[in-house]
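Printed here is entry_31.pdb (PDB, C-alpha atoms and all ligand atoms):
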ATOM      1  CA  MET W   1      -1.426 -20.553   6.292
ATOM      2  CA  SER W   2       1.372 -22.741   7.583
ATOM      3  CA  GLU W   3       4.277 -20.272   7.205
ATOM      4  CA  PRO W   4       4.212 -16.603   8.222
ATOM      5  CA  VAL W   5       3.612 -14.367   5.211
ATOM      6  CA  ARG W   6       6.252 -11.788   4.380
ATOM      7  CA  ILE W   7       5.828  -9.892   1.119
ATOM      8  CA  ARG W   8       8.592  -7.496   0.161
ATOM      9  CA  THR W   9       8.102  -4.559  -2.144
ATOM     10  CA  GLN W  10      10.625  -1.928  -3.174
ATOM     11  CA  ARG W  11       9.909   0.319  -0.158
ATOM     12  CA  THR W  12       7.866  -1.836   2.247
ATOM     13  CA  ILE W  13       7.236  -5.138   3.994
ATOM     14  CA  ILE W  14       3.721  -6.578   4.149
ATOM     15  CA  ARG W  15       2.823  -9.078   6.855
ATOM     16  CA  LEU W  16       0.610  -9.808   9.863
ATOM     17  CA  LEU W  17       1.594  -8.107  13.127
ATOM     18  CA  ASP W  18       2.621 -10.059  16.214
ATOM     19  CA  VAL W  19       0.914  -9.305  19.520
ATOM     20  CA  GLU W  20       4.201  -7.897  20.891
ATOM     21  CA  GLU W  21       4.056  -5.240  18.155
ATOM     22  CA  ALA W  22       0.762  -3.733  19.354
ATOM     23  CA  GLU W  23       2.425  -0.375  20.014
ATOM     24  CA  LEU W  24       3.013   0.072  16.262
ATOM     25  CA  LEU W  25      -0.702  -0.359  15.583
ATOM     26  CA  ARG W  26      -1.729   1.854  18.521
ATOM     27  CA  ARG W  27       0.495   4.675  17.330
ATOM     28  CA  TYR W  28      -0.789   4.366  13.730
ATOM     29  CA  ARG W  29      -4.386   4.519  14.954
ATOM     30  CA  VAL W  30      -3.825   7.509  17.231
ATOM     31  CA  GLU W  31      -1.777   9.493  14.698
ATOM     32  CA  ASN W  32      -4.323   8.885  11.919
ATOM     33  CA  ARG W  33      -7.531   9.204  13.904
ATOM     34  CA  GLU W  34      -8.781  12.294  12.070
ATOM     35  CA  HIS W  35      -7.372  11.249   8.694
ATOM     36  CA  LEU W  36      -9.028   7.804   8.644
ATOM     37  CA  GLY W  37     -12.158   8.641  10.676
ATOM     38  CA  PRO W  38     -14.357   9.799   7.739
ATOM     39  CA  TRP W  39     -13.775   6.483   5.902
ATOM     40  CA  GLU W  40     -14.165   3.964   8.710
ATOM     41  CA  PRO W  41     -16.821   2.711  11.153
ATOM     42  CA  LEU W  42     -17.292   4.770  14.326
ATOM     43  CA  ARG W  43     -14.655   3.730  16.854
ATOM     44  CA  THR W  44     -14.854   3.445  20.632
ATOM     45  CA  GLU W  45     -12.012   4.830  22.781
ATOM     46  CA  SER W  46     -10.632   1.313  23.331
ATOM     47  CA  HIS W  47      -9.738   1.172  19.617
ATOM     48  CA  PHE W  48      -7.000   3.712  20.338
ATOM     49  CA  SER W  49      -5.567   1.932  23.393
ATOM     50  CA  LEU W  50      -2.714  -0.580  23.571
ATOM     51  CA  GLU W  51      -5.112  -3.254  24.777
ATOM     52  CA  GLY W  52      -7.443  -2.518  21.850
ATOM     53  CA  ALA W  53      -4.550  -2.916  19.418
ATOM     54  CA  ARG W  54      -3.526  -6.193  21.100
ATOM     55  CA  LEU W  55      -7.049  -7.592  20.822
ATOM     56  CA  THR W  56      -7.220  -6.635  17.129
ATOM     57  CA  ILE W  57      -3.913  -8.372  16.406
ATOM     58  CA  GLU W  58      -4.937 -11.518  18.311
ATOM     59  CA  ALA W  59      -8.248 -11.661  16.437
ATOM     60  CA  GLY W  60      -6.402 -11.099  13.144
ATOM     61  CA  LEU W  61      -3.937 -13.928  13.743
ATOM     62  CA  GLU W  62      -6.823 -16.235  14.604
ATOM     63  CA  ALA W  63      -8.739 -15.145  11.473
ATOM     64  CA  ALA W  64      -5.715 -15.875   9.275
ATOM     65  CA  ARG W  65      -5.218 -19.298  10.914
ATOM     66  CA  ALA W  66      -8.858 -20.109  10.191
ATOM     67  CA  ASP W  67      -8.715 -18.679   6.617
ATOM     68  CA  ARG W  68     -11.436 -16.158   7.519
ATOM     69  CA  GLY W  69      -9.425 -13.010   6.820
ATOM     70  CA  TYR W  70      -5.925 -11.592   6.394
ATOM     71  CA  PRO W  71      -5.432  -8.217   8.119
ATOM     72  CA  PHE W  72      -2.006  -7.313   6.769
ATOM     73  CA  VAL W  73      -0.031  -4.238   7.701
ATOM     74  CA  VAL W  74       2.446  -2.382   5.517
ATOM     75  CA  LEU W  75       5.652  -1.595   7.401
ATOM     76  CA  SER W  76       8.825   0.344   6.772
ATOM     77  CA  PRO W  77      11.711  -1.962   5.714
ATOM     78  CA  ASP W  78      13.056  -2.147   9.300
ATOM     79  CA  SER W  79       9.516  -2.858  10.634
ATOM     80  CA  GLY W  80       9.880   0.209  12.846
ATOM     81  CA  GLU W  81       6.870   2.080  11.505
ATOM     82  CA  MET W  82       3.415   1.146  10.290
ATOM     83  CA  ILE W  83       2.696   2.831   6.955
ATOM     84  CA  ALA W  84      -0.682   1.370   5.997
ATOM     85  CA  SER W  85      -3.122  -1.479   6.486
ATOM     86  CA  LEU W  86      -4.716  -3.765   3.933
ATOM     87  CA  THR W  87      -7.155  -6.535   4.746
ATOM     88  CA  PHE W  88      -8.540  -9.390   2.704
ATOM     89  CA  GLY W  89     -11.686 -10.083   4.722
ATOM     90  CA  ASN W  90     -15.040 -11.846   4.466
ATOM     91  CA  VAL W  91     -13.380 -14.875   2.920
ATOM     92  CA  VAL W  92     -15.737 -17.228   1.100
ATOM     93  CA  ARG W  93     -14.295 -20.431  -0.390
ATOM     94  CA  GLY W  94     -16.115 -23.190  -2.305
ATOM     95  CA  VAL W  95     -17.375 -22.093  -5.710
ATOM     96  CA  PHE W  96     -16.802 -18.382  -4.908
ATOM     97  CA  GLN W  97     -13.122 -18.164  -3.745
ATOM     98  CA  ALA W  98     -13.621 -14.472  -3.004
ATOM     99  CA  CYS W  99     -12.935 -11.809  -0.395
ATOM    100  CA  HIS W 100     -13.377  -8.100   0.290
ATOM    101  CA  LEU W 101     -10.363  -5.796   0.330
ATOM    102  CA  GLY W 102     -10.097  -2.855   2.730
ATOM    103  CA  TYR W 103      -7.168  -0.465   3.054
ATOM    104  CA  GLY W 104      -5.909   2.845   4.389
ATOM    105  CA  ILE W 105      -2.594   4.670   4.592
ATOM    106  CA  SER W 106      -1.091   7.058   7.131
ATOM    107  CA  HIS W 107      -1.505  10.752   6.358
ATOM    108  CA  ARG W 108       2.283  11.110   6.229
ATOM    109  CA  HIS W 109       2.627   8.514   3.439
ATOM    110  CA  GLU W 110      -0.410   9.480   1.370
ATOM    111  CA  GLY W 111       0.107  10.675  -2.211
ATOM    112  CA  GLN W 112       3.487   8.948  -2.715
ATOM    113  CA  GLY W 113       2.463   5.700  -4.375
ATOM    114  CA  TYR W 114       2.960   3.529  -1.276
ATOM    115  CA  MET W 115      -0.603   2.209  -1.225
ATOM    116  CA  TYR W 116      -0.436   1.267  -4.886
ATOM    117  CA  GLU W 117       2.926  -0.425  -4.414
ATOM    118  CA  ALA W 118       1.660  -2.494  -1.470
ATOM    119  CA  LEU W 119      -1.719  -3.391  -2.970
ATOM    120  CA  ASP W 120      -0.223  -4.370  -6.301
ATOM    121  CA  ALA W 121       1.987  -6.916  -4.518
ATOM    122  CA  ALA W 122      -0.723  -8.022  -2.071
ATOM    123  CA  VAL W 123      -3.326  -8.635  -4.776
ATOM    124  CA  ARG W 124      -0.815 -10.788  -6.643
ATOM    125  CA  TYR W 125      -0.350 -12.724  -3.415
ATOM    126  CA  ALA W 126      -4.135 -13.029  -3.067
ATOM    127  CA  PHE W 127      -4.418 -14.559  -6.539
ATOM    128  CA  GLY W 128      -1.345 -16.747  -5.894
ATOM    129  CA  PRO W 129      -0.698 -18.373  -2.494
ATOM    130  CA  LEU W 130      -4.059 -17.322  -1.012
ATOM    131  CA  ASP W 131      -5.805 -18.804  -4.049
ATOM    132  CA  PHE W 132      -8.581 -16.233  -4.450
ATOM    133  CA  HIS W 133     -10.415 -15.966  -7.736
ATOM    134  CA  ARG W 134     -12.108 -12.629  -7.033
ATOM    135  CA  VAL W 135     -11.122  -9.675  -4.827
ATOM    136  CA  MET W 136     -13.858  -7.089  -4.242
ATOM    137  CA  ALA W 137     -13.292  -3.502  -3.121
ATOM    138  CA  ASN W 138     -15.922  -0.833  -2.588
ATOM    139  CA  TYR W 139     -15.706   2.917  -2.045
ATOM    140  CA  ILE W 140     -17.875   5.914  -1.248
ATOM    141  CA  PRO W 141     -18.377   7.892  -4.502
ATOM    142  CA  ARG W 142     -16.710  11.032  -3.088
ATOM    143  CA  ASN W 143     -13.551   9.077  -2.194
ATOM    144  CA  GLU W 144     -11.674  10.107  -5.318
ATOM    145  CA  ARG W 145      -8.284   8.863  -4.127
ATOM    146  CA  SER W 146      -9.710   5.404  -3.577
ATOM    147  CA  ALA W 147     -11.425   5.431  -6.988
ATOM    148  CA  ARG W 148      -8.161   6.374  -8.746
ATOM    149  CA  LEU W 149      -6.166   3.776  -6.837
ATOM    150  CA  LEU W 150      -8.542   0.898  -7.635
ATOM    151  CA  ASP W 151      -8.773   1.909 -11.270
ATOM    152  CA  ARG W 152      -4.984   1.914 -11.531
ATOM    153  CA  LEU W 153      -4.807  -1.523  -9.918
ATOM    154  CA  GLY W 154      -7.168  -2.903 -12.547
ATOM    155  CA  PHE W 155     -10.351  -3.184 -10.478
ATOM    156  CA  GLU W 156     -13.485  -2.848 -12.583
ATOM    157  CA  LYS W 157     -16.780  -1.264 -11.595
ATOM    158  CA  GLU W 158     -19.547  -3.796 -11.142
ATOM    159  CA  GLY W 159     -22.332  -1.853  -9.533
ATOM    160  CA  TYR W 160     -23.642   0.760  -7.154
ATOM    161  CA  ALA W 161     -25.090  -0.158  -3.778
ATOM    162  CA  LYS W 162     -27.293   2.270  -1.876
ATOM    163  CA  ARG W 163     -26.817   2.740   1.871
ATOM    164  CA  TYR W 164     -24.303  -0.101   1.788
ATOM    165  CA  LEU W 165     -21.998   0.373   4.798
ATOM    166  CA  LYS W 166     -22.276   2.366   8.024
ATOM    167  CA  ILE W 167     -19.240   4.629   7.793
ATOM    168  CA  ASP W 168     -18.499   7.277  10.421
ATOM    169  CA  GLY W 169     -22.040   6.754  11.731
ATOM    170  CA  LEU W 170     -23.942   7.065   8.424
ATOM    171  CA  TRP W 171     -25.182   4.471   5.923
ATOM    172  CA  GLU W 172     -23.218   5.431   2.829
ATOM    173  CA  ASP W 173     -23.754   4.482  -0.838
ATOM    174  CA  HIS W 174     -20.776   2.620  -2.345
ATOM    175  CA  VAL W 175     -19.396   1.966  -5.803
ATOM    176  CA  LEU W 176     -18.735  -1.790  -6.073
ATOM    177  CA  THR W 177     -15.601  -2.939  -7.884
ATOM    178  CA  ALA W 178     -13.730  -6.206  -8.292
ATOM    179  CA  LYS W 179     -10.625  -7.706  -9.794
ATOM    180  CA  VAL W 180     -10.880 -11.264 -11.091
ATOM    181  CA  ARG W 181      -7.908 -13.593 -11.510
ATOM    182  CA  ALA W 182      -6.928 -13.848 -15.136
ATOM    183  CA  GLU W 183      -6.832 -17.647 -15.367
ATOM    184  CA  GLY W 184      -7.411 -20.798 -13.384
TER
HETATM  185  C1  LIG S   1      -7.424   5.835  -0.461
HETATM  186  C2  LIG S   1      -5.951   5.977  -0.102
HETATM  187  C3  LIG S   1      -5.438   4.635   0.427
HETATM  188  C4  LIG S   1      -5.167   6.356  -1.363
HETATM  189  O1  LIG S   1      -3.805   6.554  -1.030
HETATM  190  P1  LIG S   1      -2.783   7.243  -2.047
HETATM  191  O2  LIG S   1      -1.542   7.503  -1.321
HETATM  192  O3  LIG S   1      -3.452   8.395  -2.710
HETATM  193  O4  LIG S   1      -2.605   6.099  -3.155
HETATM  194  P2  LIG S   1      -1.383   5.746  -4.087
HETATM  195  O5  LIG S   1      -0.401   4.901  -3.378
HETATM  196  O6  LIG S   1      -1.989   5.178  -5.329
HETATM  197  O7  LIG S   1      -0.679   7.129  -4.416
HETATM  198  C5  LIG S   1      -1.096   7.890  -5.514
HETATM  199  C6  LIG S   1      -0.465   9.244  -5.504
HETATM  200  O8  LIG S   1       0.935   9.131  -5.282
HETATM  201  C7  LIG S   1       1.648   9.779  -6.357
HETATM  202  N1  LIG S   1       2.932   9.087  -6.490
HETATM  203  C8  LIG S   1       4.128   9.596  -6.097
HETATM  204  N2  LIG S   1       5.089   8.713  -6.294
HETATM  205  C9  LIG S   1       4.518   7.616  -6.827
HETATM  206  C10 LIG S   1       5.020   6.361  -7.247
HETATM  207  N3  LIG S   1       6.322   6.047  -7.126
HETATM  208  N4  LIG S   1       4.150   5.454  -7.757
HETATM  209  C11 LIG S   1       2.854   5.758  -7.865
HETATM  210  N5  LIG S   1       2.306   6.939  -7.464
HETATM  211  C12 LIG S   1       3.149   7.865  -6.952
HETATM  212  C13 LIG S   1       0.688   9.693  -7.509
HETATM  213  O9  LIG S   1       0.970  10.637  -8.484
HETATM  214  C14 LIG S   1      -0.606   9.991  -6.802
HETATM  215  O10 LIG S   1      -0.625  11.381  -6.529
HETATM  216  P3  LIG S   1      -1.960  12.271  -6.441
HETATM  217  O11 LIG S   1      -2.571  11.936  -5.124
HETATM  218  O12 LIG S   1      -1.484  13.654  -6.493
HETATM  219  O13 LIG S   1      -2.826  11.847  -7.592
HETATM  220  C15 LIG S   1      -5.706   7.084   0.967
HETATM  221  O14 LIG S   1      -6.188   8.300   0.466
HETATM  222  C16 LIG S   1      -6.368   6.797   2.323
HETATM  223  O15 LIG S   1      -5.833   6.044   3.129
HETATM  224  N6  LIG S   1      -7.526   7.418   2.573
HETATM  225  C17 LIG S   1      -8.223   7.264   3.828
HETATM  226  C18 LIG S   1      -8.749   5.857   4.028
HETATM  227  C19 LIG S   1      -9.549   5.383   2.841
HETATM  228  O16 LIG S   1     -10.180   6.137   2.144
HETATM  229  N7  LIG S   1      -9.530   4.043   2.634
HETATM  230  C20 LIG S   1     -10.227   3.429   1.498
HETATM  231  C21 LIG S   1     -11.666   3.253   1.771
HETATM  232  S1  LIG S   1     -12.481   2.602   0.331
END

Structure re-expressed in structure tokens:
Amino acid sequence: MSEPVRIRTQRTIIRLLDVEEAELLRRYRVENREHLGPWEPLRTESHFSLEGARLTIEAGLEAARADRGYPFVVLSPDSGEMIASLTFGNVVRGVFQACHLGYGISHRHEGQGYMYEALDAAVRYAFGPLDFHRVMANYIPRNERSARLLDRLGFEKEGYAKRYLKIDGLWEDHVLTAKVRAEG
């Protein structure tokens, strides 16, 4: 990407974080440790430190430069608070033009339509400027909020993978879904 991405929605801004903004990411991680823990890989203590946040942001900026992944954050309109994260990762180009989507929202913003609002705009961006043909998103069957969200966004079920990802220390089955660009 040559220019920094900045997607505006009615209530949010979606973009990559700068390294100087690591405190926003650290605070989000610490405040949502218990909320996000059951749906994420096991984390080491460094994940919750300022240095850990800095390293994540640096790696994310490098990934975006190299078109390997886009770890966007969803911010309040004044960029003073991190509301959610959404990542287009595992980018494959060539004949596939596909990526995996991961996301999570702060416990304080859950259940208010923020994640839908941000993902709706971000997926449009993925099919537009990022030029993806297919965005894949997978969830643990008991994650009903995630299932509802993806369904509403127009993701379709494509399969069921046993012991697919190691989440919170356990290999968990996942429902596989995808959204495919309408044309082109
Ligand atoms: C999965 C997750 C992102 C879903 O977040 P969410 O806030 O429920 O998603 P949405 O933005 O679609 O919000 C939907 C809810 O907001 C309500 N809502 C309120 N105002 C709304 C508005 N203006 N527009 C849309 N929905 C609105 C909806 O009625 C719905 O309510 P409900 O939960 O009572 O059904 C969230 O639960 C989460 O972060 N979980 C932990 C991490 C995780 O599971 N990540 C995904 C791994 S696959």

message: For ligand LIG 1 (chain S), return the neighbouring residues as an MDAnalysis selection string (distance at most 8 Å; all atoms listed in the file).
response: chainID W and resid 35:40 84 102:107 109:118 137:140 143:149 152

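For the residues W:Val135, W:Gly128, W:Pro4, W:Arg181, ranking by smallest atom-to-atom distance to Leu61 in chain W using only C-alpha atoms places W:Pro4 first.
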
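For Phe155 in chain W, the residues within 7 Å (counting all atoms listed in the file, excluding itself and residues fewer than 2 positions away along the chain) are Leu150, Asp151, Leu153, Lys157, Thr177, Ala178 and Lys179 of chain W.
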
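You will find CA of Thr44 in chain W at 22.9 Å from CA of Phe88 in chain W.
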
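The smallest atom-to-atom distance between Glu21 in chain W and any of W:Val5, W:Leu50, W:Leu42, W:Ala121, using all atoms listed in the file, is found for W:Leu50.
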
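Distance check against Leu86 in chain W using all atoms listed in the file: of W:Val73, W:Leu24, W:Leu130, W:Ala182, the minimum falls on W:Val73.
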
message: One decimal, in Å: what's the spacing between CA of Tyr28 in chain W and CA of Met82 in chain W?
response: 6.3 Å

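Among the candidates W:Arg108, W:Glu58, W:Thr9, W:Arg43, the one nearest to Ala22 in chain W when counting all atoms listed in the file is W:Glu58.
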
query: Suppose you want the space between CA of Val30 in chain W and CA of His100 in chain W; what is it in Å?
result: 24.9 Å

Non-local contacts of Ala53 in chain W (12 Å; all atoms listed in the file; under 5 positions in same chain excluded) as number ranges by chain: W: 17-30, 45-48, 58-60

- prompt: Closest to Arg65 in chain W among W:Glu3, W:Pro129, W:Arg134, W:Asp78, using only C-alpha atoms?
  reply: W:Glu3

task: Evaluate the PyMOL selection byres (((chain W and resi 68) around 7) and not hetatm) and record the selected residues as a PyMOL selection string, following the chain and residue labels used in the document.
output: chain W and resi 63-64+66-67+69+89-91

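Closest to Leu75 in chain W among W:Tyr160, W:Ile13, W:Arg8, W:Gly169 is W:Ile13, based on all atoms listed in the file.
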
message: Which residues are close to Tyr164 in chain W, i.e. within 12 Å by all atoms listed in the file, leaving aside same-chain residues fewer than 3 positions away? Reply as a PyMOL selection string.
response: chain W and resi 138-141+159-161+167+170-176

Atoms added to range 27-40 of chain W (N, CA and C atoms), reported as a PDB file, in the coordinates of the input:
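Okay, out.pdb is ready:
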ATOM      1  N   ARG W  27      -0.018   3.378  17.765  1.00  0.00           N
ATOM      2  CA  ARG W  27       0.495   4.675  17.330  1.00  0.00           C
ATOM      3  C   ARG W  27      -0.110   5.073  15.969  1.00  0.00           C
ATOM      4  N   TYR W  28      -0.189   4.117  15.056  1.00  0.00           N
ATOM      5  CA  TYR W  28      -0.789   4.366  13.730  1.00  0.00           C
ATOM      6  C   TYR W  28      -2.241   4.835  13.900  1.00  0.00           C
ATOM      7  N   ARG W  29      -2.982   4.159  14.765  1.00  0.00           N
ATOM      8  CA  ARG W  29      -4.386   4.519  14.954  1.00  0.00           C
ATOM      9  C   ARG W  29      -4.533   5.915  15.546  1.00  0.00           C
ATOM     10  N   VAL W  30      -3.713   6.206  16.558  1.00  0.00           N
ATOM     11  CA  VAL W  30      -3.825   7.509  17.231  1.00  0.00           C
ATOM     12  C   VAL W  30      -3.404   8.632  16.280  1.00  0.00           C
ATOM     13  N   GLU W  31      -2.289   8.438  15.584  1.00  0.00           N
ATOM     14  CA  GLU W  31      -1.777   9.493  14.698  1.00  0.00           C
ATOM     15  C   GLU W  31      -2.685   9.747  13.490  1.00  0.00           C
ATOM     16  N   ASN W  32      -3.490   8.756  13.121  1.00  0.00           N
ATOM     17  CA  ASN W  32      -4.323   8.885  11.919  1.00  0.00           C
ATOM     18  C   ASN W  32      -5.811   8.923  12.233  1.00  0.00           C
ATOM     19  N   ARG W  33      -6.128   9.229  13.468  1.00  0.00           N
ATOM     20  CA  ARG W  33      -7.531   9.204  13.904  1.00  0.00           C
ATOM     21  C   ARG W  33      -8.398  10.131  13.046  1.00  0.00           C
ATOM     22  N   GLU W  34      -7.972  11.337  12.853  1.00  0.00           N
ATOM     23  CA  GLU W  34      -8.781  12.294  12.070  1.00  0.00           C
ATOM     24  C   GLU W  34      -8.717  11.993  10.579  1.00  0.00           C
ATOM     25  N   HIS W  35      -7.578  11.545  10.118  1.00  0.00           N
ATOM     26  CA  HIS W  35      -7.372  11.249   8.694  1.00  0.00           C
ATOM     27  C   HIS W  35      -8.244  10.075   8.234  1.00  0.00           C
ATOM     28  N   LEU W  36      -8.294   9.010   9.050  1.00  0.00           N
ATOM     29  CA  LEU W  36      -9.028   7.804   8.644  1.00  0.00           C
ATOM     30  C   LEU W  36     -10.491   7.831   9.066  1.00  0.00           C
ATOM     31  N   GLY W  37     -10.808   8.619  10.099  1.00  0.00           N
ATOM     32  CA  GLY W  37     -12.158   8.641  10.676  1.00  0.00           C
ATOM     33  C   GLY W  37     -13.303   8.730   9.667  1.00  0.00           C
ATOM     34  N   PRO W  38     -13.230   9.643   8.667  1.00  0.00           N
ATOM     35  CA  PRO W  38     -14.357   9.799   7.739  1.00  0.00           C
ATOM     36  C   PRO W  38     -14.602   8.579   6.850  1.00  0.00           C
ATOM     37  N   TRP W  39     -13.675   7.629   6.834  1.00  0.00           N
ATOM     38  CA  TRP W  39     -13.775   6.483   5.902  1.00  0.00           C
ATOM     39  C   TRP W  39     -13.930   5.162   6.615  1.00  0.00           C
ATOM     40  N   GLU W  40     -14.120   5.200   7.926  1.00  0.00           N
ATOM     41  CA  GLU W  40     -14.165   3.964   8.710  1.00  0.00           C
ATOM     42  C   GLU W  40     -15.409   3.930   9.591  1.00  0.00           C
TER      43      GLU W  40
END
